[in-house]
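Have a look at coords-v1.txt; it's compact mmCIF, C-alpha atoms:
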# COMPACT_ATOMS: atom_id res chain seq x y z
CA MET A 1 13.12 1.16 -22.08
CA SER A 2 13.52 -2.15 -20.24
CA THR A 3 10.94 -3.25 -17.70
CA LEU A 4 10.53 -5.13 -14.45
CA THR A 5 7.89 -7.77 -13.87
CA VAL A 6 5.97 -6.65 -10.78
CA SER A 7 3.91 -9.09 -8.73
CA VAL A 8 1.78 -8.04 -5.79
CA VAL A 9 0.53 -11.01 -3.78
CA THR A 10 -1.62 -11.23 -0.63
CA PRO A 11 -2.85 -14.23 1.38
CA ASP A 12 -6.06 -13.97 -0.70
CA GLY A 13 -4.13 -14.35 -3.95
CA PRO A 14 -2.46 -12.22 -6.61
CA VAL A 15 -3.51 -8.57 -6.90
CA LEU A 16 -1.32 -7.52 -9.82
CA GLU A 17 1.22 -8.95 -12.25
CA ASP A 18 2.44 -6.68 -15.02
CA ALA A 19 5.54 -5.05 -16.52
CA PHE A 20 6.60 -1.58 -15.36
CA GLU A 21 9.62 0.63 -15.89
CA MET A 22 9.87 1.84 -12.28
CA VAL A 23 8.56 0.95 -8.83
CA SER A 24 8.52 3.42 -5.92
CA CYS A 25 7.56 2.34 -2.44
CA LYS A 26 8.13 3.14 1.20
CA ALA A 27 10.17 0.64 3.20
CA GLU A 28 10.68 0.91 6.94
CA SER A 29 14.16 2.29 6.22
CA GLY A 30 12.88 4.95 3.79
CA GLU A 31 11.71 5.53 0.24
CA LEU A 32 12.88 3.11 -2.46
CA GLY A 33 13.02 3.66 -6.21
CA ILE A 34 13.59 0.51 -8.24
CA LEU A 35 14.60 0.34 -11.90
CA PRO A 36 15.47 -2.71 -14.03
CA GLY A 37 18.86 -4.11 -13.04
CA HIS A 38 18.52 -3.08 -9.37
CA ILE A 39 20.64 -5.06 -6.94
CA PRO A 40 18.82 -7.88 -5.11
CA THR A 41 17.13 -6.52 -2.00
CA VAL A 42 14.60 -7.59 0.60
CA ALA A 43 12.89 -4.91 2.69
CA PRO A 44 9.92 -4.66 5.05
CA LEU A 45 7.25 -2.26 3.79
CA THR A 46 5.19 0.29 5.69
CA ILE A 47 1.52 1.06 5.19
CA SER A 48 1.78 3.19 2.05
CA ALA A 49 1.14 3.49 -1.67
CA VAL A 50 3.27 1.60 -4.16
CA ARG A 51 3.72 3.69 -7.29
CA LEU A 52 4.23 1.90 -10.60
CA LYS A 53 5.30 3.65 -13.83
CA GLY A 54 5.50 2.25 -17.30
CA GLU A 55 4.49 2.74 -20.96
CA GLY A 56 2.90 6.13 -20.37
CA LYS A 57 0.81 4.86 -17.47
CA SER A 58 1.13 5.36 -13.76
CA ASP A 59 -0.60 3.10 -11.26
CA ARG A 60 -0.86 3.13 -7.49
CA ILE A 61 -1.68 0.31 -5.11
CA ALA A 62 -2.54 0.64 -1.41
CA VAL A 63 -0.32 -1.80 0.48
CA ASN A 64 -0.72 -2.54 4.17
CA GLY A 65 2.72 -3.68 5.24
CA GLY A 66 4.49 -6.77 4.05
CA PHE A 67 7.80 -7.37 2.29
CA LEU A 68 9.44 -6.33 -0.94
CA GLU A 69 11.80 -8.66 -2.79
CA VAL A 70 13.83 -7.16 -5.62
CA ARG A 71 15.72 -9.11 -8.25
CA PRO A 72 17.32 -7.52 -11.33
CA ASP A 73 14.27 -8.26 -13.52
CA LYS A 74 11.45 -8.82 -11.02
CA VAL A 75 9.87 -7.15 -8.01
CA THR A 76 7.63 -9.19 -5.73
CA ILE A 77 5.55 -7.58 -3.00
CA LEU A 78 4.15 -9.92 -0.39
CA ALA A 79 1.56 -7.85 1.47
CA GLN A 80 -0.93 -8.55 4.21
CA SER A 81 -3.45 -6.74 2.02
CA ALA A 82 -3.22 -4.70 -1.17
CA GLU A 83 -5.86 -2.91 -3.22
CA LYS A 84 -5.96 -1.26 -6.62
CA PRO A 85 -7.86 2.05 -6.65
CA SER A 86 -10.73 0.43 -8.56
CA ASP A 87 -11.11 -2.17 -5.78
CA ILE A 88 -11.25 0.32 -2.90
CA ASP A 89 -14.67 0.83 -1.33
CA ILE A 90 -14.35 4.56 -0.69
CA ASP A 91 -17.35 4.77 1.67
CA ARG A 92 -15.98 1.92 3.79
CA ALA A 93 -12.55 3.60 3.89
CA ARG A 94 -14.11 6.90 5.03
CA MET A 95 -16.10 5.13 7.75
CA ALA A 96 -12.97 3.29 8.93
CA LYS A 97 -11.10 6.61 9.11
CA GLU A 98 -13.88 8.25 11.15
CA ARG A 99 -14.13 5.24 13.48
CA ALA A 100 -10.36 5.19 14.09
CA GLU A 101 -10.29 8.96 14.72
CA ARG A 102 -13.13 8.64 17.26
CA ARG A 103 -11.30 5.85 19.06
CA LEU A 104 -8.10 7.89 19.22
CA GLN A 105 -9.95 10.96 20.53
CA ASN A 106 -11.68 9.00 23.29
CA LYS A 107 -9.23 8.66 26.16
CA GLN A 108 -10.75 5.42 27.47
CA ALA A 109 -8.57 2.81 29.11
CA ASP A 110 -10.11 -0.08 27.15
CA ILE A 111 -9.09 1.34 23.74
CA ASP A 112 -6.07 -0.23 22.06
CA PHE A 113 -4.43 2.96 20.77
CA GLN A 114 -1.80 1.20 18.67
CA ARG A 115 -4.49 -0.79 16.88
CA ALA A 116 -6.55 2.38 16.32
CA GLU A 117 -3.48 4.20 14.93
CA MET A 118 -2.80 1.36 12.50
CA ALA A 119 -6.46 1.36 11.40
CA LEU A 120 -6.25 5.11 10.80
CA LYS A 121 -3.05 4.72 8.74
CA ARG A 122 -4.65 1.98 6.63
CA ALA A 123 -7.78 4.06 6.02
CA LEU A 124 -5.78 7.18 5.12
CA ASN A 125 -3.61 5.15 2.74
CA ARG A 126 -6.66 3.70 0.98
CA LEU A 127 -8.25 7.15 0.68
CA ASP A 128 -5.01 8.64 -0.67
CA VAL A 129 -4.58 5.94 -3.31
CA TYR A 130 -8.22 6.22 -4.39
CA GLU A 131 -8.34 10.03 -4.51
CA ASN A 132 -4.99 10.42 -6.31
CA ASN A 133 -5.91 7.94 -9.01
CA PHE A 134 -9.32 9.25 -10.09

Would you kindly transcribe this structure into structure tokens?
Amino acid sequence: MSTLTVSVVTPDGPVLEDAFEMVSCKAESGELGILPGHIPTVAPLTISAVRLKGEGKSDRIAVNGGFLEVRPDKVTILAQSAEKPSDIDIDRARMAKERAERRLQNKQADIDFQRAEMALKRALNRLDVYENNF
């Protein structure tokens, strides 16, 4: 089967560059499934897992927003941050989740609820990618 070259890049540098048969991700407009030969597309991504399938392997990467660029033979993800399951500090992700939940439960005026909600989404995404890969 033909493959796509997939590059995941953050401001800190490349996270992944490899060949896969399929990429699945969640754009702001909905779920996208990308196969080789897909029409060129650019889409903003949500905080979610990017699923990569190829050669009998399946990988997941936690992506925190960014953009997806699709060309017929290449997919580039420019993300604010992205982590492979092996790079996720699970204890730190759990603490971030608990901290965000506490902030959302406290009805104090000085809490930035939108920021706390985003922190909770990022922590849940990291936990999901880690737990569904090991």

Neighbouring residues of A:Pro11 were defined as those with any atom within 7 Å, considering all atoms listed in the file; residues of the same chain fewer than 2 positions away were excluded. Please report them as an mmCIF file with C-alpha atoms, in the coordinates of the input.
data_model
loop_
_atom_site.group_PDB
_atom_site.id
_atom_site.type_symbol
_atom_site.label_atom_id
_atom_site.label_comp_id
_atom_site.auth_asym_id
_atom_site.auth_seq_id
_atom_site.Cartn_x
_atom_site.Cartn_y
_atom_site.Cartn_z
ATOM 1 C CA VAL A 9 0.530 -11.010 -3.780
ATOM 2 C CA GLY A 13 -4.130 -14.350 -3.950
ATOM 3 C CA GLN A 80 -0.930 -8.550 4.210
#

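Atom CA of A:Val129 lies 9.5 Å from atom CA of A:Arg51.
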
Grab the atom CA of A:Thr76 to atom CA of A:Gly54 distance for me, in Å with one decimal place. 16.4 Å

Which one is closest to A:Gly66: A:Pro14, A:Pro44, A:Gly37, A:Gly30? Count all atoms listed in the file. A:Pro44

Residue nearest A:Asp12 among A:Ala96, A:Leu127, A:Met118, A:Ala82 (counting only C-alpha atoms): A:Ala82

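Proximity ranking of A:Ser7, A:Lys74, A:Leu52, A:Lys57 relative to A:Pro36 places A:Lys74 first, based on only C-alpha atoms.
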
A:Asp128 environment, 12 Å, all atoms listed in the file, sequence neighbours closer than 6 positions dropped, as an mmCIF file with C-alpha atoms, in the frame of the given file:
data_model
loop_
_atom_site.group_PDB
_atom_site.id
_atom_site.type_symbol
_atom_site.label_atom_id
_atom_site.label_comp_id
_atom_site.auth_asym_id
_atom_site.auth_seq_id
_atom_site.Cartn_x
_atom_site.Cartn_y
_atom_site.Cartn_z
ATOM 1 C CA ILE A 47 1.520 1.060 5.190
ATOM 2 C CA SER A 48 1.780 3.190 2.050
ATOM 3 C CA ALA A 49 1.140 3.490 -1.670
ATOM 4 C CA VAL A 50 3.270 1.600 -4.160
ATOM 5 C CA ARG A 60 -0.860 3.130 -7.490
ATOM 6 C CA ILE A 61 -1.680 0.310 -5.110
ATOM 7 C CA ALA A 62 -2.540 0.640 -1.410
ATOM 8 C CA VAL A 63 -0.320 -1.800 0.480
ATOM 9 C CA GLU A 83 -5.860 -2.910 -3.220
ATOM 10 C CA LYS A 84 -5.960 -1.260 -6.620
ATOM 11 C CA PRO A 85 -7.860 2.050 -6.650
ATOM 12 C CA ILE A 88 -11.250 0.320 -2.900
ATOM 13 C CA ILE A 90 -14.350 4.560 -0.690
ATOM 14 C CA ALA A 93 -12.550 3.600 3.890
ATOM 15 C CA ARG A 94 -14.110 6.900 5.030
ATOM 16 C CA LYS A 97 -11.100 6.610 9.110
ATOM 17 C CA LYS A 121 -3.050 4.720 8.740
ATOM 18 C CA ARG A 122 -4.650 1.980 6.630
ATOM 19 C CA PHE A 134 -9.320 9.250 -10.090
#

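The smallest atom-to-atom distance between A:Asn132 and any of A:Ser86, A:Asp73, A:Cys25, A:Leu35, using only C-alpha atoms, is found for A:Ser86.
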
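The space separating atom CA of A:Glu131 from atom CA of A:Val6 comes to 22.9 Å.
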
Kindly list the centre and edge lengths in Å, rounded to one decimal, for the axis-aligned box that covers all listed atoms of stretch 4-18 of chain A plus 6 Å on each of its six sides, as JSON.
{"center_x": 2.2, "center_y": -9.7, "center_z": -6.8, "size_x": 28.6, "size_y": 21.2, "size_z": 28.4}

Taking (13.1, -3.6, -15.5) in the file's own coordinates, collect the residues within 9 Å, counting only C-alpha atoms, and hand them back as a PyMOL selection string. chain A and resi 1-5+19-22+34-38+72-75

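For the choices A:Ala100, A:Gly33, A:Met95, A:Asp18, the atom-to-atom distance to A:Gln114 is smallest for A:Ala100 when using all atoms listed in the file.
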
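For the residues A:Asp59, A:Asp87, A:Glu98, A:Arg92, ranking by smallest atom-to-atom distance to A:Asn133 using only C-alpha atoms places A:Asp59 first.
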
Since the input lacks atoms, please generate N, CA and C atoms for stretch 79-96 of chain A and provide them as a short mmCIF file (atom, residue, chain, number, x, y, z; two decimals), keeping the file's coordinate frame.
data_model
loop_
_atom_site.label_atom_id
_atom_site.label_comp_id
_atom_site.auth_asym_id
_atom_site.auth_seq_id
_atom_site.Cartn_x
_atom_site.Cartn_y
_atom_site.Cartn_z
N ALA A 79 2.23 -8.78 0.57
CA ALA A 79 1.56 -7.85 1.47
C ALA A 79 0.44 -8.53 2.24
N GLN A 80 0.19 -8.02 3.43
CA GLN A 80 -0.93 -8.55 4.21
C GLN A 80 -2.25 -8.25 3.51
N SER A 81 -2.33 -7.07 2.90
CA SER A 81 -3.45 -6.74 2.02
C SER A 81 -2.97 -5.69 1.04
N ALA A 82 -3.58 -5.67 -0.13
CA ALA A 82 -3.22 -4.70 -1.17
C ALA A 82 -4.46 -4.49 -2.03
N GLU A 83 -4.68 -3.23 -2.41
CA GLU A 83 -5.86 -2.91 -3.22
C GLU A 83 -5.52 -1.93 -4.32
N LYS A 84 -6.02 -2.22 -5.52
CA LYS A 84 -5.96 -1.26 -6.62
C LYS A 84 -7.02 -0.19 -6.33
N PRO A 85 -6.86 1.01 -6.88
CA PRO A 85 -7.86 2.05 -6.65
C PRO A 85 -9.28 1.62 -7.03
N SER A 86 -9.41 0.87 -8.11
CA SER A 86 -10.73 0.43 -8.56
C SER A 86 -11.38 -0.57 -7.60
N ASP A 87 -10.58 -1.20 -6.73
CA ASP A 87 -11.11 -2.17 -5.78
C ASP A 87 -11.42 -1.57 -4.41
N ILE A 88 -11.05 -0.31 -4.21
CA ILE A 88 -11.25 0.32 -2.90
C ILE A 88 -12.69 0.78 -2.76
N ASP A 89 -13.33 0.36 -1.68
CA ASP A 89 -14.67 0.83 -1.33
C ASP A 89 -14.48 2.13 -0.56
N ILE A 90 -14.67 3.25 -1.26
CA ILE A 90 -14.35 4.56 -0.69
C ILE A 90 -15.21 4.88 0.53
N ASP A 91 -16.47 4.50 0.52
CA ASP A 91 -17.35 4.77 1.67
C ASP A 91 -16.88 3.99 2.89
N ARG A 92 -16.49 2.75 2.68
CA ARG A 92 -15.98 1.92 3.79
C ARG A 92 -14.68 2.50 4.34
N ALA A 93 -13.81 2.99 3.45
CA ALA A 93 -12.55 3.60 3.89
C ALA A 93 -12.81 4.87 4.71
N ARG A 94 -13.77 5.68 4.27
CA ARG A 94 -14.11 6.90 5.03
C ARG A 94 -14.67 6.55 6.41
N MET A 95 -15.53 5.54 6.46
CA MET A 95 -16.10 5.13 7.75
C MET A 95 -15.01 4.58 8.67
N ALA A 96 -14.08 3.83 8.13
CA ALA A 96 -12.97 3.29 8.93
C ALA A 96 -12.11 4.42 9.47
#
